[in-house]
Structures are given as C-alpha cells and as structure tokens.
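Undergrad: Handing you this structure, nothing more for now.
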Amino acid sequence: MIKLLILVSLISFKAHAKLQVITTTTNLASLAKYIAGDHVEVKSLCLGVQDPHFLEAKPSYIFKLSKADLLISVGAGLEVGWLPLIIQGSRNPKIREGQMRHLVASDFVELLEARPVDISRSQGDVHPEGNPHFMLAPSQSIKVGKAIMDRLVLIDVKNQSTYENNFLTFKNQILEKAKLWKHIKDKKIKVVSYHKTLSYFYEEFGIQNVDVLEPKPGIPPSASHIIGLIHRMKKENVKKIIVENYFDETVAKRIQREIPGIIIEIVPVAVEGSKSVDDLFDLYNYLIKKIGA
Ligand SMILES: [Zn+2]
C-alpha cells in the first residue's frame with residue numbers, strides 16, 4: 001500500500017512537472033502537440049465532435065484552466081459564448097485575454113469574410129469578426145504553429161531548440177504534403193456546405209463554395225432559403241453537399257431528393273472528429289479525399 005502511494009505521488013509529481021497547455025479546440029491541441037513534443041501536456045476543452053461555437057461551459061473546464069500554464073484559443077469570436085466565463089471562473093489571472101500566457105491564434109492570421117462587426121452581430125451572425133475556422137487550411141496551421149513556437153519559447157526558454165526543431169519539422173511535412181494535395185485545384189470542384197467551416201480549405205484548394213445551407217453563420221436553414229438554394233445548385237451544376245458531422249443532415253437529404261444524383265459527404269472538421277482522424281495530417285488527408293474526389 002505504501003509502495004502504491006509513493007508510486008501515485010511520483011506519477012502526479014511527474015505530471016505536474018510538465019507545462020500544462022489547454023487549447024479550446026482539438027485542431028489547436030494537435031498542432032500544439034507537434035510543436036511542444038514531450039515537454040508539455042496538451043488538452044483541448046472542446047471535443048472533435050462538438051461545434052466550438054456553442055460549447056456548454058462546464059465546471060471541469062474551469063478546473064482545467066485553473067492549472068493551465070498556457071491557454072491557446074482560436075479567437076475571432078469563436079469562443080465568445082463560453083470561454084470568458086470559464087476564464088473568469090478559473091481564477092487564473094495569467095491566462096486572461098491580453099496576457100502573455102493566453103495565445104489568441106486569430107491574431108496571427110488574416111481572416112476571411114471580415115465585415116463590420118456591429119452589422120453582422122446584430123443579425124445573429126456567429127462570425128462577426130470574420131471567419132474563425134482558419135485551422136482547416138494547412139497553410140494557416142503553419143502561421144499558427146509559428147506563433148505557438150514563439151510563445152512556448154517565451155515561457156520555457158530552456159527547451160527553445162526543441163520547439164524550434166519541432167516547428168520546422170511540422171512546417172516541412174505540411175509543405176511536402178501540399179505537393180500531393182495540390183492536384184485537386186485543377187478539378188474546379190463546386191460544393192454547397194452547411195456552415196462556412198471550410199472556407200479557408202476551399203480557398204486553398206480552389207474549391208468553389210456556391211452557397212451554404214445556413215442563410216447566415218449560426219442561423220438554421222429556412223424553407224425559402226432552401227428553395228433558392230436548390231434552384232442555384234441546379235443552375236451551377238453542383239454535385240456535392242458537404243455537412244460538418246456535428247450538424248443535422250436532414251436538410252441536405254431533402255435537397256438530395258429534389259436533385260437526383262447529388263452526393264452528401266458528412267465530414268469531420270476537427271481532429272478526433274472521426275475514428276480515423278487522430279491528428280491534423282489525418283484531418284487534411286480525409287478532407288482532400290472526401291471533398292476532392
Ligand atoms: Zn463558424
């Protein structure tokens with residue numbers, strides 16, 4: 001029994017010896033794991049099968065943040081409905097927004113679909129500051145990866161060379177893979193999506209997102225919007241509807257009945273959003289295969 005207690009306390013000491021990094025999404029967690037390697041313990045608050053816009057703030061998140069040495073969030077309004085509450089509850093002042101130990105990834109990315117905030121928010125739009133789903137584009141993950149590397153070096157300089165080497169390895173792997181992925185650009189693929197989750201992916205790979213099932217990000221599809229959408233899909237000869245796997249596919253199926261031959265692809269948009277998607281490379285490969293086929 002005593003031996004067991006010693007073992008347990010040794011294990012817990014070891015766990016505490018590592019830097020604790022909490023990310024809001026699994027995509028950021030996967031990236032942080034590449035850059036941090038074994039020096040850091042990384043956990044995500046949102047699961048890969050959950051919509052990160054509408055996470056329920058749980059007491060367990062507050063506990064995780066109370067022990068965090070670094071918080072990495074997406075920003076651009078993605079977590080506005082739940083993250084401020086749990087930061088406040090954690091009583092961990094060093095991870096408040098604006099602090100060095102809270103990295104906001106959107107600060108390092110040029111956002112797509114940016115519009116005047118007051119107008120878009122008042123209309124119920126959940127992308128009031130621009131599109132926050134930039135981690136779906138491999139090239140954007142390099143920018144965020146560099147920001148994570150720089151921040152880790154600031155708070156843990158003794159492992160600087162590890163973080164720098166890990167980032168370079170990650171970047172080179174993405175650039176290598178990009179050579180294999182780029183062929184889908186020539187296909188001139190047209191799709192309709194549920195939410196604007198894949199805007200950065202589409203831009204990177206020359207895919208035309210003709211329209212979205214939601215009339216505005218975060219607003220459920222209405223009957224009149226769907227009628228207009230069906231007309232547009234026929235006119236533009238769209239063959240594929242992409243539905244993020246945490247959204248309802250009922251509307252897509254209704255459209256499928258109206259336009260024979262249309263394919264519906266239900267896709268994960270986050271690491272661990274599907275059984276075979278364990279890291280960012282799996283995710284990008286999966287999306288290329290399903291959307292680019
Ligand atoms: Zn969104």
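Letters for chains follow the order of the structure tokens (A, B, ...), residue numbers begin at 1 for each chain, and ligand numbers begin at 1 in the order shown.
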Which residues are near A:Leu85? Cut-off 10 Å, only C-alpha atoms, ignore same chain within fewer than 5 positions. Put them as a PyMOL selection string.
TA: chain A and resi 57-58+62+80+90
Undergrad: Write as a PyMOL selection string the residues around ligand 1, taking 10 Å as the cut-off and counting only C-alpha atoms and all ligand atoms.
TA: chain A and resi 51-54+76-78+125-128+130-133+195-199+216-218
Undergrad: Determine which residues of stretch 170-218 of chain A receive a DSSP assignment of strand (DSSP E or B), computed from the backbone, and state them as a ChimeraX atom specification.
TA: /A:190-193,208-212,216
Undergrad: Skipping near chain neighbours, those fewer than 2 positions away, what residues fall within 12 Å of A:Asn159 using only C-alpha atoms, listed as a short mmCIF file (atom, residue, chain, number, x, y, z; two decimals) with C-alpha atoms, in the first residue's frame?
TA:
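So around_31.cif came out as:
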```cif
data_model
loop_
_atom_site.label_atom_id
_atom_site.label_comp_id
_atom_site.auth_asym_id
_atom_site.auth_seq_id
_atom_site.Cartn_x
_atom_site.Cartn_y
_atom_site.Cartn_z
CA LYS A 18 5.26 19.32 -17.37
CA LEU A 19 3.87 22.59 -18.67
CA ILE A 35 5.39 21.90 -31.58
CA ALA A 36 5.68 21.11 -27.86
CA GLY A 37 6.69 17.44 -28.10
CA ASP A 38 7.22 15.67 -24.77
CA HIS A 39 7.87 18.78 -22.70
CA VAL A 40 4.25 19.78 -22.45
CA MET A 149 6.54 28.03 -31.03
CA ASP A 150 7.38 31.67 -30.24
CA ARG A 151 5.10 31.68 -27.20
CA LEU A 152 6.47 28.39 -25.83
CA VAL A 153 10.00 29.78 -26.16
CA LEU A 154 8.94 32.86 -24.18
CA ILE A 155 7.59 30.84 -21.27
CA ASP A 156 10.05 27.91 -21.37
CA VAL A 157 13.31 29.13 -22.93
CA SER A 161 15.78 24.34 -29.61
CA THR A 162 13.23 21.52 -29.25
CA TYR A 163 10.31 23.85 -30.01
CA GLU A 164 12.14 25.38 -32.99
CA ASN A 165 13.10 21.98 -34.42
CA ASN A 166 9.60 20.57 -33.93
#
```
Undergrad: Residues within 7 Å of A:Lys190, please, as a PyMOL selection string. Count only C-alpha atoms; anything in the same chain fewer than 4 positions from it doesn't count.
TA: chain A and resi 207-210+238
Undergrad: Selected residues, N, CA and C atoms, written as a CSV table (one decimal), in the first residue's frame, please.
TA:
```csv
chain,number,residue,atom,x,y,z
A,207,ILE,N,-11.6,25.4,-54.5
A,207,ILE,CA,-12.9,24.8,-54.5
A,207,ILE,C,-14.0,25.9,-54.4
A,208,GLN,N,-15.0,25.9,-55.2
A,208,GLN,CA,-16.0,26.9,-55.2
A,208,GLN,C,-17.1,26.5,-54.3
A,209,ASN,N,-17.3,27.3,-53.2
A,209,ASN,CA,-18.5,27.0,-52.3
A,209,ASN,C,-19.6,27.9,-52.8
A,210,VAL,N,-20.5,27.3,-53.6
A,210,VAL,CA,-21.5,28.1,-54.3
A,210,VAL,C,-22.5,28.7,-53.3
A,238,VAL,N,-24.0,21.9,-59.3
A,238,VAL,CA,-23.3,21.5,-58.1
A,238,VAL,C,-23.6,20.0,-57.8
```
Undergrad: What is the distance, in Å and to one decimal place, between atom CA of A:Lys182 and atom CA of A:Ile288?
TA: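 Those two atoms sit 9.4 Å apart.
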Undergrad: So what do you get for atom CA of A:Pro84 versus atom CA of A:Lys146, distance-wise?
TA: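 Between these atoms lies a distance of 25.0 Å.
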Undergrad: So which residues touch A:Val191 within 10 Å, counting only C-alpha atoms, skipping near sequence neighbours fewer than 4 positions away, as JSON, numbers by chain?
TA: {"A": [202, 207, 208, 209, 210, 211, 212, 233, 236, 237, 238, 239, 240, 241, 242, 263, 264, 291]}
Undergrad: Could you please take those selected residues and save N, CA and C atoms as a CSV table (one decimal), in the first residue's frame?
TA:
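And here is the file that came out, out.csv:
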```csv
chain,number,residue,atom,x,y,z
A,202,TYR,N,-11.4,25.6,-48.7
A,202,TYR,CA,-11.8,25.8,-50.1
A,202,TYR,C,-10.9,26.8,-50.9
A,207,ILE,N,-11.6,25.4,-54.5
A,207,ILE,CA,-12.9,24.8,-54.5
A,207,ILE,C,-14.0,25.9,-54.4
A,208,GLN,N,-15.0,25.9,-55.2
A,208,GLN,CA,-16.0,26.9,-55.2
A,208,GLN,C,-17.1,26.5,-54.3
A,209,ASN,N,-17.3,27.3,-53.2
A,209,ASN,CA,-18.5,27.0,-52.3
A,209,ASN,C,-19.6,27.9,-52.8
A,210,VAL,N,-20.5,27.3,-53.6
A,210,VAL,CA,-21.5,28.1,-54.3
A,210,VAL,C,-22.5,28.7,-53.3
A,211,ASP,N,-22.8,28.0,-52.2
A,211,ASP,CA,-23.7,28.6,-51.2
A,211,ASP,C,-23.6,27.7,-50.0
A,212,VAL,N,-24.3,28.2,-48.9
A,212,VAL,CA,-24.3,27.4,-47.6
A,212,VAL,C,-25.8,27.2,-47.2
A,233,MET,N,-28.2,25.5,-57.1
A,233,MET,CA,-27.4,24.3,-57.3
A,233,MET,C,-27.6,23.7,-58.7
A,236,GLU,N,-26.0,26.0,-61.3
A,236,GLU,CA,-24.5,26.0,-61.2
A,236,GLU,C,-23.9,24.6,-61.4
A,237,ASN,N,-24.8,23.6,-61.5
A,237,ASN,CA,-24.4,22.2,-61.7
A,237,ASN,C,-23.5,21.7,-60.5
A,238,VAL,N,-24.0,21.9,-59.3
A,238,VAL,CA,-23.3,21.5,-58.1
A,238,VAL,C,-23.6,20.0,-57.8
A,239,LYS,N,-22.6,19.2,-57.5
A,239,LYS,CA,-22.8,17.7,-57.4
A,239,LYS,C,-22.6,17.2,-56.0
A,240,LYS,N,-22.2,18.2,-55.1
A,240,LYS,CA,-21.8,17.7,-53.7
A,240,LYS,C,-22.3,18.6,-52.6
A,241,ILE,N,-22.9,18.1,-51.6
A,241,ILE,CA,-23.2,18.9,-50.4
A,241,ILE,C,-22.3,18.4,-49.3
A,242,ILE,N,-21.6,19.3,-48.6
A,242,ILE,CA,-20.7,18.9,-47.5
A,242,ILE,C,-21.4,19.3,-46.2
A,263,ILE,N,-24.4,14.1,-54.2
A,263,ILE,CA,-23.7,13.3,-53.2
A,263,ILE,C,-23.7,14.1,-51.9
A,264,ILE,N,-23.9,13.5,-50.8
A,264,ILE,CA,-23.8,14.2,-49.5
A,264,ILE,C,-22.5,13.6,-48.8
A,291,ILE,N,-13.7,15.5,-50.2
A,291,ILE,CA,-14.2,16.7,-50.9
A,291,ILE,C,-13.5,16.7,-52.3
```
Undergrad: Leaving out A:Gly145 and any residue of its chain fewer than 2 positions from it, which residues lie within 12 Å of it when counting only C-alpha atoms, given as an MDAnalysis selection string?
TA: chainID A and resid 27:36 72 103:106 108:109 135 138:143 147:152 163:172 174 280
Undergrad: List every residue of stretch 118-268 of chain A that DSSP, applied to the backbone of this structure, assigns to alpha helix (DSSP H), and report them as a PyMOL selection string.
TA: chain A and resi 118-122+138-155+160-181+199-204+223-236+250-258
Undergrad: Put those residues in a file: C-alpha atoms, as a CSV table (one decimal), in the first residue's frame.
TA:
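part_39.csv was written with the following content:
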```csv
chain,number,residue,atom,x,y,z
A,118,ASP,CA,-21.9,45.8,-35.4
A,119,ILE,CA,-23.9,44.9,-38.5
A,120,SER,CA,-23.1,41.2,-38.6
A,121,ARG,CA,-23.5,40.6,-34.8
A,122,SER,CA,-26.9,42.4,-34.7
A,138,PRO,CA,-2.8,23.6,-44.0
A,139,SER,CA,-1.0,26.9,-44.8
A,140,GLN,CA,-2.8,28.7,-41.9
A,141,SER,CA,-1.7,26.0,-39.5
A,142,ILE,CA,1.9,26.9,-40.3
A,143,LYS,CA,1.3,30.5,-39.2
A,144,VAL,CA,-0.4,29.5,-36.0
A,145,GLY,CA,2.3,26.8,-35.4
A,146,LYS,CA,5.0,29.5,-35.5
A,147,ALA,CA,3.0,31.7,-33.1
A,148,ILE,CA,2.8,28.7,-30.7
A,149,MET,CA,6.5,28.0,-31.0
A,150,ASP,CA,7.4,31.7,-30.2
A,151,ARG,CA,5.1,31.7,-27.2
A,152,LEU,CA,6.5,28.4,-25.8
A,153,VAL,CA,10.0,29.8,-26.2
A,154,LEU,CA,8.9,32.9,-24.2
A,155,ILE,CA,7.6,30.8,-21.3
A,160,GLN,CA,13.9,26.6,-27.2
A,161,SER,CA,15.8,24.3,-29.6
A,162,THR,CA,13.2,21.5,-29.2
A,163,TYR,CA,10.3,23.8,-30.0
A,164,GLU,CA,12.1,25.4,-33.0
A,165,ASN,CA,13.1,22.0,-34.4
A,166,ASN,CA,9.6,20.6,-33.9
A,167,PHE,CA,8.1,23.6,-35.7
A,168,LEU,CA,10.5,23.2,-38.6
A,169,THR,CA,9.6,19.5,-38.9
A,170,PHE,CA,5.9,20.3,-38.9
A,171,LYS,CA,6.2,23.0,-41.5
A,172,ASN,CA,8.3,20.9,-43.8
A,173,GLN,CA,5.9,18.0,-43.5
A,174,ILE,CA,3.0,20.3,-44.4
A,175,LEU,CA,4.9,21.7,-47.4
A,176,GLU,CA,5.8,18.2,-48.6
A,177,LYS,CA,2.1,17.0,-48.3
A,178,ALA,CA,0.9,20.2,-50.1
A,179,LYS,CA,2.7,18.9,-53.2
A,180,LEU,CA,0.5,15.8,-53.1
A,181,TRP,CA,-2.7,17.7,-52.3
A,199,SER,CA,-13.9,28.5,-46.3
A,200,TYR,CA,-10.1,28.5,-45.8
A,201,PHE,CA,-9.8,24.9,-47.0
A,202,TYR,CA,-11.8,25.8,-50.1
A,203,GLU,CA,-9.8,28.9,-50.8
A,204,GLU,CA,-6.5,26.9,-50.5
A,223,ALA,CA,-37.7,26.9,-46.2
A,224,SER,CA,-37.4,29.9,-48.5
A,225,HIS,CA,-33.6,29.8,-48.4
A,226,ILE,CA,-33.6,26.1,-49.3
A,227,ILE,CA,-35.9,26.7,-52.3
A,228,GLY,CA,-33.5,29.4,-53.6
A,229,LEU,CA,-30.5,27.1,-52.9
A,230,ILE,CA,-32.0,24.2,-54.9
A,231,HIS,CA,-32.5,26.5,-57.9
A,232,ARG,CA,-28.9,27.8,-57.6
A,233,MET,CA,-27.4,24.3,-57.3
A,234,LYS,CA,-29.2,23.1,-60.4
A,235,LYS,CA,-28.1,26.2,-62.4
A,236,GLU,CA,-24.5,26.0,-61.2
A,250,THR,CA,-32.0,16.4,-42.8
A,251,VAL,CA,-31.9,19.5,-45.0
A,252,ALA,CA,-29.2,18.0,-47.2
A,253,LYS,CA,-31.2,14.9,-47.6
A,254,ARG,CA,-34.3,16.9,-48.6
A,255,ILE,CA,-32.2,18.6,-51.3
A,256,GLN,CA,-30.9,15.3,-52.4
A,257,ARG,CA,-34.5,14.1,-53.1
A,258,GLU,CA,-35.0,17.3,-55.2
```
Undergrad: With only C-alpha atoms as the counted atoms, please give the residues lying no more than 10 Å from A:Asp282, apart from itself and same-chain residues fewer than 6 positions off, as an NGL selection string.
TA: :A and (270-272 or 274 or 276 or 288)
Undergrad: Using Å and a single decimal, report how far atom CA of A:Thr24 sits from atom CA of A:Lys64.
TA: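 So the two atoms, atom CA of A:Lys64 and atom CA of A:Thr24, lie 11.2 Å apart.
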